[in-house]
Every structure is written in structure tokens, then in C-alpha cells.
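Trainee: The following file, my_file.cif, comprises mmCIF, C-alpha atoms:
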data_my_file
loop_
_atom_site.label_atom_id
_atom_site.label_comp_id
_atom_site.auth_asym_id
_atom_site.auth_seq_id
_atom_site.Cartn_x
_atom_site.Cartn_y
_atom_site.Cartn_z
CA MET A 1 5.03 -21.34 -6.25
CA PHE A 2 2.12 -23.49 -5.13
CA PHE A 3 3.45 -24.40 -1.73
CA VAL A 4 5.00 -21.06 -0.95
CA ASP A 5 1.57 -19.48 -1.19
CA TYR A 6 0.15 -22.08 1.15
CA ALA A 7 3.02 -21.39 3.51
CA TYR A 8 2.14 -17.70 3.28
CA ILE A 9 -1.46 -18.52 4.21
CA CYS A 10 -0.38 -20.56 7.22
CA LYS A 11 1.96 -17.87 8.36
CA ASN A 12 -0.72 -15.22 8.01
CA PHE A 13 -3.10 -17.21 10.15
CA PHE A 14 -0.30 -17.73 12.63
CA SER A 15 0.43 -14.02 12.87
CA ALA A 16 -3.23 -13.02 13.07
CA TYR A 17 -3.95 -15.65 15.68
CA PHE A 18 -0.92 -14.67 17.73
CA TYR A 19 -1.78 -10.99 17.54
CA CYS A 20 -5.37 -11.56 18.70
CA PHE A 21 -4.62 -13.92 21.52
CA MET A 22 -1.27 -12.57 22.63
CA LYS A 23 -2.61 -11.67 26.04
CA ASN A 24 -4.19 -15.05 26.74
CA LYS A 25 -1.76 -17.35 28.51
CA ALA A 26 -3.71 -20.59 28.04
CA THR A 27 -1.63 -23.45 26.67
CA LYS A 28 -4.47 -24.42 24.33
CA HIS A 29 -3.55 -21.52 22.12
CA LEU A 30 0.12 -22.42 22.24
CA LYS A 31 -0.71 -25.87 20.98
CA ILE A 32 -2.70 -24.47 18.06
CA LEU A 33 0.15 -22.10 17.26
CA ALA A 34 2.62 -24.96 17.35
CA LEU A 35 0.37 -26.95 15.03
CA LEU A 36 0.26 -24.09 12.52
CA ALA A 37 4.04 -23.74 12.74
CA ILE A 38 4.44 -27.44 11.99
CA ILE A 39 2.06 -27.20 9.01
CA PHE A 40 4.05 -24.22 7.71
CA THR A 41 7.32 -26.08 8.03
CA ALA A 42 5.88 -29.21 6.46
CA PHE A 43 4.72 -27.31 3.40
CA ASN A 44 8.09 -25.65 3.04
CA LEU A 45 9.98 -28.90 3.33
CA HIS A 46 7.68 -30.55 0.81
CA ALA A 47 8.11 -27.68 -1.59
CA ASN A 48 11.86 -27.89 -1.33
CA SER A 49 12.01 -31.64 -1.78
CA ASP A 50 9.69 -31.70 -4.78
CA PRO A 51 12.03 -31.61 -7.78
CA GLN A 52 9.50 -29.70 -9.87
CA GLU A 53 9.01 -26.91 -7.34
CA GLY A 54 12.36 -26.72 -5.66
CA GLY A 55 14.17 -25.53 -8.71
CA ILE A 56 11.87 -22.75 -9.74
CA VAL A 57 12.92 -19.97 -7.41
CA ASP A 58 16.54 -20.72 -6.68
CA THR A 59 18.56 -17.75 -7.71
CA LYS A 60 18.37 -14.17 -6.54
CA GLU A 61 17.19 -13.00 -9.97
CA GLU A 62 14.25 -15.36 -9.97
CA VAL A 63 13.27 -14.22 -6.49
CA GLU A 64 13.41 -10.59 -7.62
CA ALA A 65 11.31 -11.31 -10.69
CA TYR A 66 8.74 -13.18 -8.59
CA ILE A 67 8.51 -10.37 -6.05
CA LEU A 68 8.23 -7.63 -8.66
CA HIS A 69 5.51 -9.57 -10.42
CA HIS A 70 3.55 -9.68 -7.19
CA ILE A 71 3.98 -5.98 -6.51
CA LYS A 72 2.64 -4.99 -9.90
CA ASP A 73 -0.97 -4.90 -10.94
CA SER A 74 -2.20 -7.71 -13.18
CA HIS A 75 -5.07 -8.44 -15.51
CA ASP A 76 -6.07 -11.70 -13.88
CA PHE A 77 -6.34 -13.25 -10.46
CA ASN A 78 -3.59 -15.82 -10.16
CA PHE A 79 -3.72 -17.48 -6.76
CA PHE A 80 -0.99 -19.98 -7.46
CA SER A 81 0.44 -22.01 -10.28
CA TYR A 82 2.51 -25.13 -10.54
CA SER A 83 4.02 -27.45 -13.13
CA ASP A 84 2.84 -31.01 -13.17
CA ALA A 85 4.84 -34.13 -14.08
CA GLU A 86 4.92 -33.35 -17.81
CA GLY A 87 6.13 -29.81 -17.24
CA VAL A 88 2.75 -28.28 -18.14
CA ARG A 89 1.95 -25.24 -16.13
CA HIS A 90 -1.40 -25.19 -14.30
CA HIS A 91 -2.85 -21.99 -12.87
CA PHE A 92 -5.51 -21.57 -10.22
CA GLY A 93 -7.30 -18.31 -10.52
CA PHE A 94 -9.75 -16.49 -12.71
CA PRO A 95 -9.32 -13.95 -15.50
CA LEU A 96 -10.59 -10.39 -15.40
CA PRO A 97 -12.04 -8.41 -18.30
CA VAL A 98 -9.68 -6.31 -20.38
CA ILE A 99 -11.17 -3.02 -21.59
CA VAL A 100 -8.93 -0.91 -23.81
CA LYS A 101 -9.48 2.16 -25.93
CA ALA A 102 -7.91 1.20 -29.25
CA SER A 103 -7.96 3.04 -32.57
CA THR A 104 -11.59 2.12 -33.28
CA GLY A 105 -12.97 2.84 -29.82
CA LEU A 106 -13.55 0.70 -26.77
CA VAL A 107 -12.69 -2.97 -27.14
CA SER A 108 -13.19 -5.56 -24.44
CA PHE A 109 -12.31 -9.20 -24.05
CA MET A 110 -11.36 -11.54 -21.23
CA SER A 111 -7.72 -11.65 -20.24
CA SER A 112 -7.81 -15.45 -20.48
CA GLU A 113 -7.28 -15.01 -24.22
CA PHE A 114 -3.72 -14.02 -23.44
CA HIS A 115 -3.20 -17.46 -21.87
CA HIS A 116 -1.02 -16.12 -19.05
CA ASP A 117 1.47 -14.71 -21.49
CA ASP A 118 3.32 -11.56 -20.51
CA GLN A 119 6.07 -11.51 -23.12
CA GLY A 120 4.03 -10.52 -26.14
CA HIS A 121 3.99 -13.89 -27.87
CA GLU A 122 0.24 -14.51 -27.66
CA ILE A 123 -1.72 -12.24 -30.01
CA VAL A 124 -5.42 -11.70 -29.41
CA GLU A 125 -7.64 -10.84 -32.36
CA ASN A 126 -10.74 -8.85 -31.66
CA ASN A 127 -12.85 -6.83 -34.11
CA GLY A 128 -10.04 -6.97 -36.63
CA LEU A 129 -7.53 -5.45 -34.20
CA ARG A 130 -4.65 -7.43 -32.77
CA PHE A 131 -3.33 -7.01 -29.24
CA ALA A 132 -0.31 -8.25 -27.38
CA LYS A 133 0.54 -7.91 -23.70
CA ILE A 134 4.10 -7.19 -22.64
CA HIS A 135 4.92 -6.69 -18.94
CA GLY A 136 1.31 -5.83 -18.23
CA LYS A 137 1.00 -3.17 -20.95
CA ILE A 138 -1.37 -3.90 -23.82
CA PHE A 139 -0.18 -2.93 -27.29
CA GLU A 140 -2.23 -2.73 -30.45
CA LEU A 141 -0.25 -4.20 -33.31
CA GLU A 142 -0.24 -2.65 -36.76
CA PRO A 143 -1.96 -4.78 -39.41
CA THR A 144 1.25 -6.22 -40.84
CA ALA A 145 3.13 -6.84 -37.63
CA THR A 146 3.45 -10.25 -36.05
CA GLU A 147 5.48 -9.28 -33.00
CA VAL A 148 6.11 -6.06 -31.13
CA VAL A 149 9.55 -4.68 -31.92
CA PHE A 150 11.22 -2.20 -29.60
CA ASP A 151 13.85 0.32 -30.60
CA ASP A 152 16.73 1.54 -28.46
CA GLU A 153 14.67 3.80 -26.25
CA HIS A 154 12.16 1.03 -25.54
CA GLN A 155 9.52 2.61 -27.73
CA ALA A 156 7.39 0.20 -29.73
CA VAL A 157 8.11 0.56 -33.42
CA ASN A 158 5.23 -1.34 -34.97
CA ALA A 159 2.56 -1.05 -32.27
CA THR A 160 0.82 1.63 -30.23
CA LYS A 161 0.07 1.59 -26.55
CA THR A 162 -3.64 1.52 -25.91
CA LEU A 163 -5.47 3.42 -23.17
CA ASP A 164 -5.96 0.66 -20.63
CA LEU A 165 -9.24 0.95 -18.77
CA SER A 166 -9.57 -2.69 -17.78
CA ILE A 167 -10.79 -4.14 -14.54
CA THR A 168 -7.46 -5.19 -13.10
CA LYS A 169 -6.76 -6.87 -9.78
CA SER A 170 -6.41 -3.54 -8.00
CA VAL A 171 -9.66 -2.21 -9.45
CA MET A 172 -11.41 -5.34 -8.22
CA GLY A 173 -9.83 -4.84 -4.81
CA ILE A 174 -11.10 -1.28 -4.65
CA LEU A 175 -14.58 -2.39 -5.73
CA ILE A 176 -14.72 -5.18 -3.16
CA ILE A 177 -13.44 -3.02 -0.31
CA GLY A 178 -15.67 -0.14 -1.39
CA LEU A 179 -18.78 -2.34 -1.36
CA PHE A 180 -17.79 -3.81 2.00
CA LEU A 181 -17.36 -0.34 3.53
CA LEU A 182 -20.60 0.86 1.96
CA PHE A 183 -22.59 -2.02 3.41
CA SER A 184 -21.04 -1.94 6.88
CA PHE A 185 -21.35 1.80 7.39
CA SER A 186 -24.81 2.16 5.94
CA ALA A 187 -25.94 -0.66 8.20
CA LEU A 188 -24.40 1.18 11.14
CA ALA A 189 -26.07 4.45 10.17
CA ARG A 190 -29.45 2.79 9.79
CA GLN A 191 -29.25 1.46 13.33
CA TYR A 192 -29.34 4.93 14.84
CA LYS A 193 -32.93 5.40 13.69
CA THR A 194 -34.19 2.85 16.18
CA LYS A 195 -31.66 2.59 18.98
CA GLN A 196 -29.04 4.55 20.86
CA VAL A 197 -26.32 1.92 20.98
CA PRO A 198 -25.47 -0.10 17.87
CA THR A 199 -25.29 -3.89 17.81
CA GLY A 200 -23.37 -6.32 15.66
CA PHE A 201 -20.45 -5.20 13.53
CA GLY A 202 -21.45 -1.61 14.18
CA ARG A 203 -20.08 -1.99 17.69
CA VAL A 204 -16.60 -2.30 16.20
CA LEU A 205 -17.04 0.64 13.84
CA GLU A 206 -18.66 3.17 16.18
CA PRO A 207 -15.63 3.78 18.48
CA LEU A 208 -13.42 4.11 15.41
CA VAL A 209 -15.72 6.71 13.88
CA ILE A 210 -15.77 8.61 17.18
CA PHE A 211 -11.97 8.34 17.29
CA VAL A 212 -11.65 9.97 13.86
CA ARG A 213 -14.12 12.69 14.78
CA ASP A 214 -12.80 13.57 18.23
CA ASP A 215 -9.07 12.99 17.88
CA ILE A 216 -8.43 13.81 14.24
CA ALA A 217 -11.12 16.09 12.85
CA LYS A 218 -12.10 18.35 15.74
CA PRO A 219 -8.61 19.25 17.05
CA ASN A 220 -7.24 20.00 13.58
CA ILE A 221 -10.15 21.61 11.77
CA GLY A 222 -11.98 23.18 14.69
CA GLU A 223 -15.53 23.01 15.92
CA LYS A 224 -16.96 25.33 13.32
CA TYR A 225 -16.06 23.59 10.07
CA TYR A 226 -15.26 19.97 10.90
CA ARG A 227 -18.69 18.66 9.88
CA LYS A 228 -18.11 19.68 6.30
CA PHE A 229 -15.03 17.50 5.95
CA ILE A 230 -15.68 14.62 8.33
CA GLY A 231 -17.14 12.49 5.52
CA TYR A 232 -13.96 12.70 3.47
CA LEU A 233 -11.72 12.02 6.49
CA LEU A 234 -13.72 8.98 7.54
CA THR A 235 -13.73 7.62 4.00
CA VAL A 236 -10.01 8.07 3.54
CA PHE A 237 -9.19 6.54 6.92
CA PHE A 238 -11.21 3.36 6.52
CA PHE A 239 -10.47 3.02 2.82
CA ILE A 240 -6.70 3.10 3.30
CA TRP A 241 -6.80 0.91 6.40
CA SER A 242 -8.94 -1.76 4.75
CA LEU A 243 -6.85 -1.75 1.57
CA ASN A 244 -3.61 -2.03 3.54
CA LEU A 245 -4.99 -4.97 5.49
CA ALA A 246 -6.24 -6.61 2.28
CA GLY A 247 -2.73 -6.34 0.90
CA LEU A 248 -1.47 -8.50 3.74
CA THR A 249 -3.71 -11.45 2.82
CA PRO A 250 -2.41 -14.13 0.47
CA LEU A 251 -5.00 -13.14 -2.13
CA GLY A 252 -2.32 -11.08 -3.77
CA PHE A 253 -3.84 -7.58 -3.57
CA ASN A 254 -1.47 -4.66 -3.63
CA VAL A 255 -3.76 -1.67 -4.05
CA THR A 256 -2.21 1.04 -1.87
CA GLY A 257 1.20 0.00 -3.15
CA GLN A 258 0.30 1.41 -6.56
CA LEU A 259 1.36 4.95 -7.38
CA ALA A 260 -1.92 5.58 -9.17
CA VAL A 261 -4.10 4.86 -6.12
CA THR A 262 -2.07 6.87 -3.63
CA GLY A 263 -1.72 9.62 -6.22
CA ALA A 264 -5.49 9.81 -6.62
CA LEU A 265 -5.96 10.08 -2.84
CA ALA A 266 -3.30 12.78 -2.57
CA ILE A 267 -4.90 14.73 -5.42
CA LEU A 268 -8.28 14.49 -3.69
CA THR A 269 -6.80 16.01 -0.53
CA LEU A 270 -5.11 18.70 -2.61
CA VAL A 271 -8.35 19.63 -4.35
CA ILE A 272 -10.25 19.77 -1.06
CA TYR A 273 -7.87 21.97 0.84
CA THR A 274 -7.17 24.23 -2.13
CA ALA A 275 -10.83 24.78 -2.95
CA ASN A 276 -11.68 25.55 0.65
CA GLY A 277 -8.85 27.94 1.37
CA ASN A 278 -10.07 31.23 2.72
CA LYS A 279 -8.59 34.68 2.27
CA ASP A 280 -6.24 34.36 5.25
CA TYR A 281 -4.81 31.14 3.86
CA TRP A 282 -3.93 32.58 0.49
CA LEU A 283 -2.68 35.76 2.11
CA HIS A 284 -0.25 33.76 4.21
CA ILE A 285 1.00 31.92 1.15
CA LEU A 286 1.38 34.73 -1.33
CA TRP A 287 1.76 37.96 0.59
CA MET A 288 2.65 36.91 4.08
CA PRO A 289 2.57 39.49 6.86
CA GLY A 290 5.57 40.05 9.07
CA VAL A 291 8.18 39.54 6.35
CA PRO A 292 10.12 42.36 4.60
CA TYR A 293 8.50 43.35 1.29
CA TRP A 294 11.44 42.48 -0.91
CA LEU A 295 11.49 38.94 0.43
CA ARG A 296 7.82 38.24 -0.16
CA PRO A 297 7.89 37.29 -3.87
CA ILE A 298 10.65 34.76 -3.30
CA LEU A 299 8.89 33.20 -0.34
CA ALA A 300 5.61 33.25 -2.26
CA VAL A 301 7.07 30.97 -4.93
CA ILE A 302 8.44 28.59 -2.32
CA GLU A 303 5.20 28.58 -0.34
CA LEU A 304 3.14 28.02 -3.48
CA ALA A 305 5.30 25.07 -4.51
CA GLY A 306 5.01 23.73 -0.99
CA ALA A 307 1.26 24.02 -0.82
CA LEU A 308 0.47 22.73 -4.30
CA LEU A 309 3.24 20.24 -5.02
CA ILE A 310 5.23 19.12 -2.01
CA LYS A 311 2.37 18.44 0.38
CA PRO A 312 0.45 16.05 -1.88
CA PHE A 313 3.69 14.53 -3.16
CA SER A 314 4.76 13.69 0.37
CA LEU A 315 1.36 12.15 1.10
CA LEU A 316 1.67 10.07 -2.06
CA VAL A 317 5.20 8.83 -1.48
CA ARG A 318 4.77 8.15 2.23
CA LEU A 319 1.86 5.75 1.73
CA TYR A 320 3.19 4.17 -1.45
CA ALA A 321 6.71 3.54 -0.19
CA ASN A 322 5.67 2.27 3.24
CA ILE A 323 3.22 -0.26 1.85
CA SER A 324 5.16 -1.51 -1.17
CA ALA A 325 8.43 -1.65 0.79
CA GLY A 326 6.63 -3.66 3.45
CA HIS A 327 5.35 -6.14 0.89
CA ILE A 328 8.78 -6.48 -0.70
CA VAL A 329 10.40 -7.11 2.69
CA VAL A 330 7.86 -9.77 3.67
CA MET A 331 8.24 -11.61 0.38
CA SER A 332 12.03 -11.38 0.48
CA LEU A 333 12.09 -12.86 3.97
CA ILE A 334 9.86 -15.71 2.88
CA ALA A 335 12.15 -16.26 -0.09
CA ILE A 336 15.06 -16.66 2.34
CA MET A 337 14.10 -20.26 2.69
CA TYR A 338 15.04 -20.75 -0.95
CA THR A 339 18.04 -18.50 -1.25
CA LEU A 340 19.76 -19.67 1.95
CA LYS A 341 18.85 -23.31 1.42
CA ASP A 342 22.45 -24.22 0.62
CA SER A 343 24.26 -22.39 3.39
CA LEU A 344 21.97 -23.03 6.36
CA GLY A 345 20.37 -26.29 5.35
CA LEU A 346 16.70 -26.84 4.67
CA ALA A 347 15.37 -26.76 8.22
CA GLY A 348 17.57 -23.87 9.27
CA ALA A 349 16.56 -21.66 6.37
CA THR A 350 12.88 -22.47 6.91
CA ALA A 351 13.07 -21.70 10.64
CA LEU A 352 14.90 -18.41 10.04
CA SER A 353 12.48 -17.37 7.33
CA PHE A 354 9.50 -18.27 9.51
CA ALA A 355 10.77 -16.30 12.53
CA LEU A 356 11.75 -13.19 10.58
CA SER A 357 8.69 -13.01 8.37
CA PHE A 358 6.41 -13.62 11.36
CA PHE A 359 7.72 -10.54 13.16
CA ILE A 360 7.69 -8.46 10.01
CA MET A 361 4.05 -9.41 9.46
CA LEU A 362 3.21 -8.11 12.93
CA ILE A 363 4.92 -4.83 12.11
CA GLU A 364 3.07 -4.68 8.80
CA VAL A 365 -0.29 -4.96 10.57
CA LEU A 366 0.75 -2.00 12.71
CA VAL A 367 1.96 -0.09 9.64
CA ALA A 368 -1.40 -0.69 7.92
CA PHE A 369 -3.20 1.20 10.68
CA LEU A 370 -0.46 3.78 11.18
CA GLN A 371 -0.27 4.86 7.55
CA ALA A 372 -4.04 5.25 7.36
CA TYR A 373 -3.95 7.31 10.58
CA ILE A 374 -1.08 9.50 9.37
CA PHE A 375 -2.72 10.15 6.00
CA THR A 376 -5.93 11.18 7.73
CA VAL A 377 -4.18 13.34 10.34
CA LEU A 378 -2.15 15.17 7.71
CA SER A 379 -5.20 15.69 5.49
CA ALA A 380 -7.09 17.10 8.48
CA LEU A 381 -4.10 19.31 9.29
CA PHE A 382 -3.91 20.72 5.77
CA ILE A 383 -7.66 21.30 5.66
CA GLY A 384 -7.51 22.93 9.07
CA MET A 385 -4.77 25.27 7.90
CA ALA A 386 -6.87 26.22 4.89
CA VAL A 387 -10.06 27.05 6.76
CA ALA A 388 -8.46 28.48 9.89
CA GLU A 389 -9.67 31.90 10.95
CA HIS A 390 -7.14 34.17 12.56
CA GLU A 391 -7.92 37.11 14.78
CA HIS A 392 -6.49 40.18 13.14
CA HIS A 393 -3.99 42.20 15.13
CA MET B 394 27.43 1.67 -5.86
CA TYR B 395 26.79 5.33 -5.14
CA ASN B 396 23.11 4.50 -4.89
CA LEU B 397 23.85 2.33 -1.88
CA ILE B 398 26.01 4.97 -0.21
CA GLY B 399 23.22 7.49 -0.70
CA ALA B 400 20.65 5.10 0.71
CA GLY B 401 22.88 4.52 3.72
CA LEU B 402 23.17 8.26 4.34
CA ILE B 403 19.40 8.64 4.11
CA VAL B 404 18.95 5.91 6.71
CA ILE B 405 21.52 7.58 8.98
CA GLY B 406 19.62 10.85 8.74
CA ALA B 407 16.29 9.21 9.44
CA GLY B 408 17.79 7.26 12.32
CA ILE B 409 19.27 10.34 13.97
CA GLY B 410 16.01 12.27 13.57
CA LEU B 411 13.82 9.51 14.93
CA GLY B 412 16.24 8.92 17.78
CA GLN B 413 16.09 12.59 18.76
CA ILE B 414 12.34 12.80 18.71
CA GLY B 415 11.98 9.45 20.47
CA GLY B 416 14.45 10.47 23.16
CA LYS B 417 12.73 13.77 23.86
CA ALA B 418 9.39 12.00 23.93
CA MET B 419 10.72 9.53 26.47
CA GLU B 420 12.00 12.37 28.64
CA GLY B 421 8.65 14.08 28.43
CA ILE B 422 6.82 10.93 29.44
CA ALA B 423 9.23 10.38 32.32
CA ARG B 424 8.61 13.88 33.60
CA ASN B 425 4.84 13.74 33.20
CA PRO B 426 3.40 10.25 32.87
CA GLU B 427 -0.16 11.58 32.75
CA ALA B 428 0.46 13.28 29.43
CA THR B 429 1.67 10.06 27.75
CA PRO B 430 -1.16 9.82 25.13
CA LYS B 431 -0.64 13.39 23.96
CA ILE B 432 3.12 13.04 23.78
CA ALA B 433 2.94 9.66 22.05
CA THR B 434 0.46 10.94 19.46
CA ASN B 435 2.64 13.88 18.51
CA MET B 436 5.71 11.65 18.43
CA ILE B 437 4.02 9.30 15.97
CA ILE B 438 3.00 12.19 13.73
CA ILE B 439 6.51 13.62 13.59
CA ALA B 440 7.98 10.15 13.06
CA ALA B 441 5.67 9.63 10.09
CA LEU B 442 6.68 12.98 8.58
CA LEU B 443 10.35 12.04 8.93
CA GLU B 444 9.78 8.60 7.43
CA GLY B 445 7.90 10.22 4.57
CA LEU B 446 10.93 12.39 3.90
CA ALA B 447 13.29 9.41 4.03
CA PHE B 448 11.10 7.31 1.76
CA GLY B 449 10.66 10.18 -0.64
CA ALA B 450 14.43 10.56 -0.88
CA ILE B 451 14.90 6.84 -1.52
CA PHE B 452 12.12 6.93 -4.11
CA LEU B 453 13.71 9.86 -5.92
CA GLY B 454 17.10 8.20 -5.72
CA ARG B 455 15.76 5.18 -7.56
#
As a first step, turn the structure in this file into C-alpha cells.
Mentor:
Amino acid sequence: MFFVDYAYICKNFFSAYFYCFMKNKATKHLKILALLAIIFTAFNLHANSDPQEGGIVDTKEEVEAYILHHIKDSHDFNFFSYSDAEGVRHHFGFPLPVIVKASTGLVSFMSSEFHHDDQGHEIVENNGLRFAKIHGKIFELEPTATEVVFDDEHQAVNATKTLDLSITKSVMGILIIGLFLLFSFSALARQYKTKQVPTGFGRVLEPLVIFVRDDIAKPNIGEKYYRKFIGYLLTVFFFIWSLNLAGLTPLGFNVTGQLAVTGALAILTLVIYTANGNKDYWLHILWMPGVPYWLRPILAVIELAGALLIKPFSLLVRLYANISAGHIVVMSLIAIMYTLKDSLGLAGATALSFALSFFIMLIEVLVAFLQAYIFTVLSALFIGMAVAEHEHH
Amino acid sequence: MYNLIGAGLIVIGAGIGLGQIGGKAMEGIARNPEATPKIATNMIIIAALLEGLAFGAIFLGR
């Protein structure tokens, strides 16, 4: 999918450029946009005419497999790959370390030893243990086994699943984004020692920080307690926003579209607002005033389930589904140029795919910010409900 | 097949809900254009809650 990824890059630049300069009516920008559109179309046409590439993603099933592979986490960075004239597959990318907890303890090796195999054919020997990777899961084979055998319930018969602690693509994404946020915000904070108004990249960050403090934290948590939680709210806001935006680049990140990441964030919010609940909060959940006594136990169960299960679950699913569904839609619309190649013709399918995926990318940029904002607002709301002080009647 | 019918019903529900809240928000803005930021903010929050519900239902249906 060599050329499709280049097309994705061109389209990304197109969307970003358009979004930034939408208000400027100069024709110079229109010419640059037209040039990018022509480059995009040229790559698509070349990809379709090349007999090696054109046949790779033709059917609906292949498109689905390609998309699902890009949604999932992976043990190496694979920017693009192509088959050359002899049918040998070349990959551009770099492998990431695999760290698993096998039967003898922690074992680590580079994922390049799997040689891009995901079906369990390539067996890696390390410290006397043998590993195979099937659909991203690493199995430790028993000493006599040569291949992983599955029974009817898809349980491995002659291998055990290892505890996978490797540095995968998503972990690298989190590390990169985390370091970037750390550097930018600590640089901003340092500036306040010497001047009143920040300069440089801090000028972009300061209004956003003030926005989170004045429009999200203070109205929901109140003047008295907001300082205790503002660190968490700022972190969550910028973390989710940056990760969502990183997922839109053609580097292939999909961090917030993983259940594990959004689950961890939801659990963090749960822990914070449960640990900081005051007596009024728990009273309103378990023994709420104003309700007949016989009804209170029933409502207590429902309220408890709501506070401990449903609230974090909704946070989890909202972020996960929005982001991964967005990625799937964008990739499906790009794949239109392959699936509708026969009915609309090459140029028609490319033009349709370009127009649709362009507008969806704009919406995705909006969704990236919106989901971060919503997560932060709801976290602030829940925390505010937990620390709220009521006047007693 | 029933999966698709269920998904369609979920989308109908979400559509009706978002249409209601959007309509009321528009009326509010028409009556009081100065309060547009406040109304729009609350509309976005409620829309996100509704979408969360719809996505959660689709997720559970899968």
C-alpha cells in the first residue's frame, strides 16, 4: 500500500492547509491546494495502474483486513510496504522491542526477529524458549511443539499466552506525546519566573490553559477546590487532544482508539472522584434524602452502579468509539478508490474518494478537540459532584 | 441482519435526540443572541452525552 500512504500524506497536508488558510482568499493558496490535489490524484492513478499494487486491495475483504490491521496495535513501526518486480515484499519502518513475561521471567528481543509474520509461522528462539506471534498476540510454545494449534474455542492447545509488556506502537506514541507535553509545558512554566507574558510556543498554550481553568475547572468544581484537581484536568485535556491529533497523521498511530488507553483514563477519573467524595456525596448515593425509606435501598444499588460502573464506562466508550470509528471511516473512504474502481472508472473513484475523505478529515480534526473537551468537562463535572458542599436545610 | 436493524434504530434515536436539543438551542439563540456561547457550550455537552450513549449501544451490540 505504498502509494495509498503517500496519497494519505498529501491529503492530510491538503486538509491541514485548507483548514489553516480557509479565511484567506488569496489565489496563491488556491494554486498550492490545486497542486496538492493533482499530486494526490497522480499518486492514486499510478498506484492503480501499477500491476503489482493495483491488485493488492481489490476486494471488500482485503480492504477490511487492511483497515483492521491499521486500527490494532502492532509491535513494529511499518510506514509502508510494497512488492517489487520479483514479488518480494519490502517494508519501510523500524522494529520495536518485544518484552514478554514468559515461564522463566522477563524475556526481551526485537520484533524484527518475527520478520513481519503475524500468522505464527516464524518461531523465535530466545533463552531456550520459543515464541510465535499470531494476530499480534505472542505465544510461548511448549518444547515439543512446532506450530500453535487451536481447539474449537480458539484456545491454544500446545502454547501459553505470555504477559505482553512490550513497547508497542501505542506505547511509543504515548511516550513521544508525553515527552512533548512535558517539554512544552515546563518551558512555559519556567517563563513565568522572569516575565509576565510568555513568548514562543507558550503563547499558544497559555490561552488554552486559561480556557481549561476558567471554563471547565472553576464552573464545575468551584472556587474552593479547583486548584487540587486542575493538574489532572489539564493533563487529561492536552494528552487526549494531542493523541487524537497524532492519530490523524499518516504515521499510523491509533492510541486513543485502543480500549486499554481510554480504559486507563476512565479508571483514573473514577479513582479521583471516588477518593475525594465527601460525606454529602456518599449520603446522596446510598441514603438519599427526600425519598421514601422503603425505596432507598433499591435506589442505592442503582446509584452505586451508576457512580462506579456506568460513569467511567461511558467515558471509556465515548472516546474509544468516536476515535476508532473516525479512523475506520476515513480509511474506508480512501479505499473507495479501489472498491469503486470498476463502476465509476479510475478518475471518478479517485475524485469521489478525495472529496469525501477530505471533508471527513476536517470533521475528524474537530472531533479530536471535541472529545478531549468532553472528557475533561465530564471529569470536572464528576469531581465537582463529589466535592460539592451543600447547605443543609 | 438483526444487527443492522438494531444499529439503524440506535441511529434513529440519536438523530431524534440531537435534533431536539439542536432545535431548542437554535430557538434559544434566536431569542437571545447574546447568550450564544453559553447555549452552544451546553448544547455540545448534551450532544456528546447522547453520542456516548449511541456509541455505547453500538459497541455493546457488536
Trainee: Which residues are close to stretch 359-366 of chain A, i.e. within 9 Å by all atoms listed in the file, leaving aside same-chain residues fewer than 3 positions away? Reply as a list in words.
Mentor: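 My list of contacting residues is Lys11, Asn12, Ser15, Ala16, Tyr19, Asn244, Leu245, Leu248, Ile323, Gly326, His327, Val329, Val330, Leu333, Phe354, Ala355, Leu356, Phe369, Leu370 and Gln371 of chain A.
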Trainee: Determine, counting all atoms listed in the file, which protein, DNA and RNA residues have an atom within 8 Å of an atom of stretch 411-427 of chain B; residues of the same chain fewer than 3 positions away are not included. Present the result as a PyMOL selection string.
Mentor: chain B and resi 407-408+430+432-433+436+439-440+443
Trainee: Hey, can you check how far atom CA of A:Ile210 sits from atom CA of A:Val271?
Mentor: 25.3 Å
Trainee: Which residues are near A:Gly277? Cut-off 7 Å, only C-alpha atoms, ignore same chain within fewer than 3 positions. Put them as a list in words.
Mentor: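 Skipping anything fewer than 3 positions along the chain leaves Tyr273, Thr274, Tyr281, Trp282, Ala386 and Val387 of chain A.
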Trainee: Measuring atom to atom with only C-alpha atoms, identify which of B:Ile437, B:Leu453, B:Ala447, B:Leu442 is nearest to B:Gly401.
Mentor: B:Ala447
Trainee: Please, which residues of chain B lie no more than 9 Å from chain A when the count uses all atoms listed in the file, and can they be set out as a VMD selection string?
Mentor: chain B and resid 437 to 438 441 to 442 444 to 449 451 to 452
Trainee: May I have the selected residues written with C-alpha atoms, as an mmCIF file, in the frame of the given file?
Mentor:
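Output file part.cif follows:
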data_model
loop_
_atom_site.group_PDB
_atom_site.id
_atom_site.type_symbol
_atom_site.label_atom_id
_atom_site.label_comp_id
_atom_site.auth_asym_id
_atom_site.auth_seq_id
_atom_site.Cartn_x
_atom_site.Cartn_y
_atom_site.Cartn_z
ATOM 1 C CA ILE B 437 4.020 9.300 15.970
ATOM 2 C CA ILE B 438 3.000 12.190 13.730
ATOM 3 C CA ALA B 441 5.670 9.630 10.090
ATOM 4 C CA LEU B 442 6.680 12.980 8.580
ATOM 5 C CA GLU B 444 9.780 8.600 7.430
ATOM 6 C CA GLY B 445 7.900 10.220 4.570
ATOM 7 C CA LEU B 446 10.930 12.390 3.900
ATOM 8 C CA ALA B 447 13.290 9.410 4.030
ATOM 9 C CA PHE B 448 11.100 7.310 1.760
ATOM 10 C CA GLY B 449 10.660 10.180 -0.640
ATOM 11 C CA ILE B 451 14.900 6.840 -1.520
ATOM 12 C CA PHE B 452 12.120 6.930 -4.110
#
Trainee: State, in Å with one decimal place, the distance from atom CA of B:Lys431 to atom CA of A:Ile216.
Mentor: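 The value is 12.5 Å.
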Trainee: Work out how far apart atom CA of A:Asp117 and atom CA of A:Val100 are and give it in Å to one decimal.
Mentor: 17.4 Å
Trainee: What's the 12 Å shell around A:Asn158, counting all atoms listed in the file, without same-chain residues fewer than 5 positions away, as an MDAnalysis selection string?
Mentor: chainID A and resid 130:132 139:151
Trainee: Report, as JSON, the axis-aligned box around all atoms of stretch 187-196 of chain A present in the file, extended by 4 Å on each side; give centre and edge lengths in Å to one decimal place.
Mentor:
{"center_x": -29.3, "center_y": 2.4, "center_z": 14.5, "size_x": 17.8, "size_y": 14.1, "size_z": 20.7}
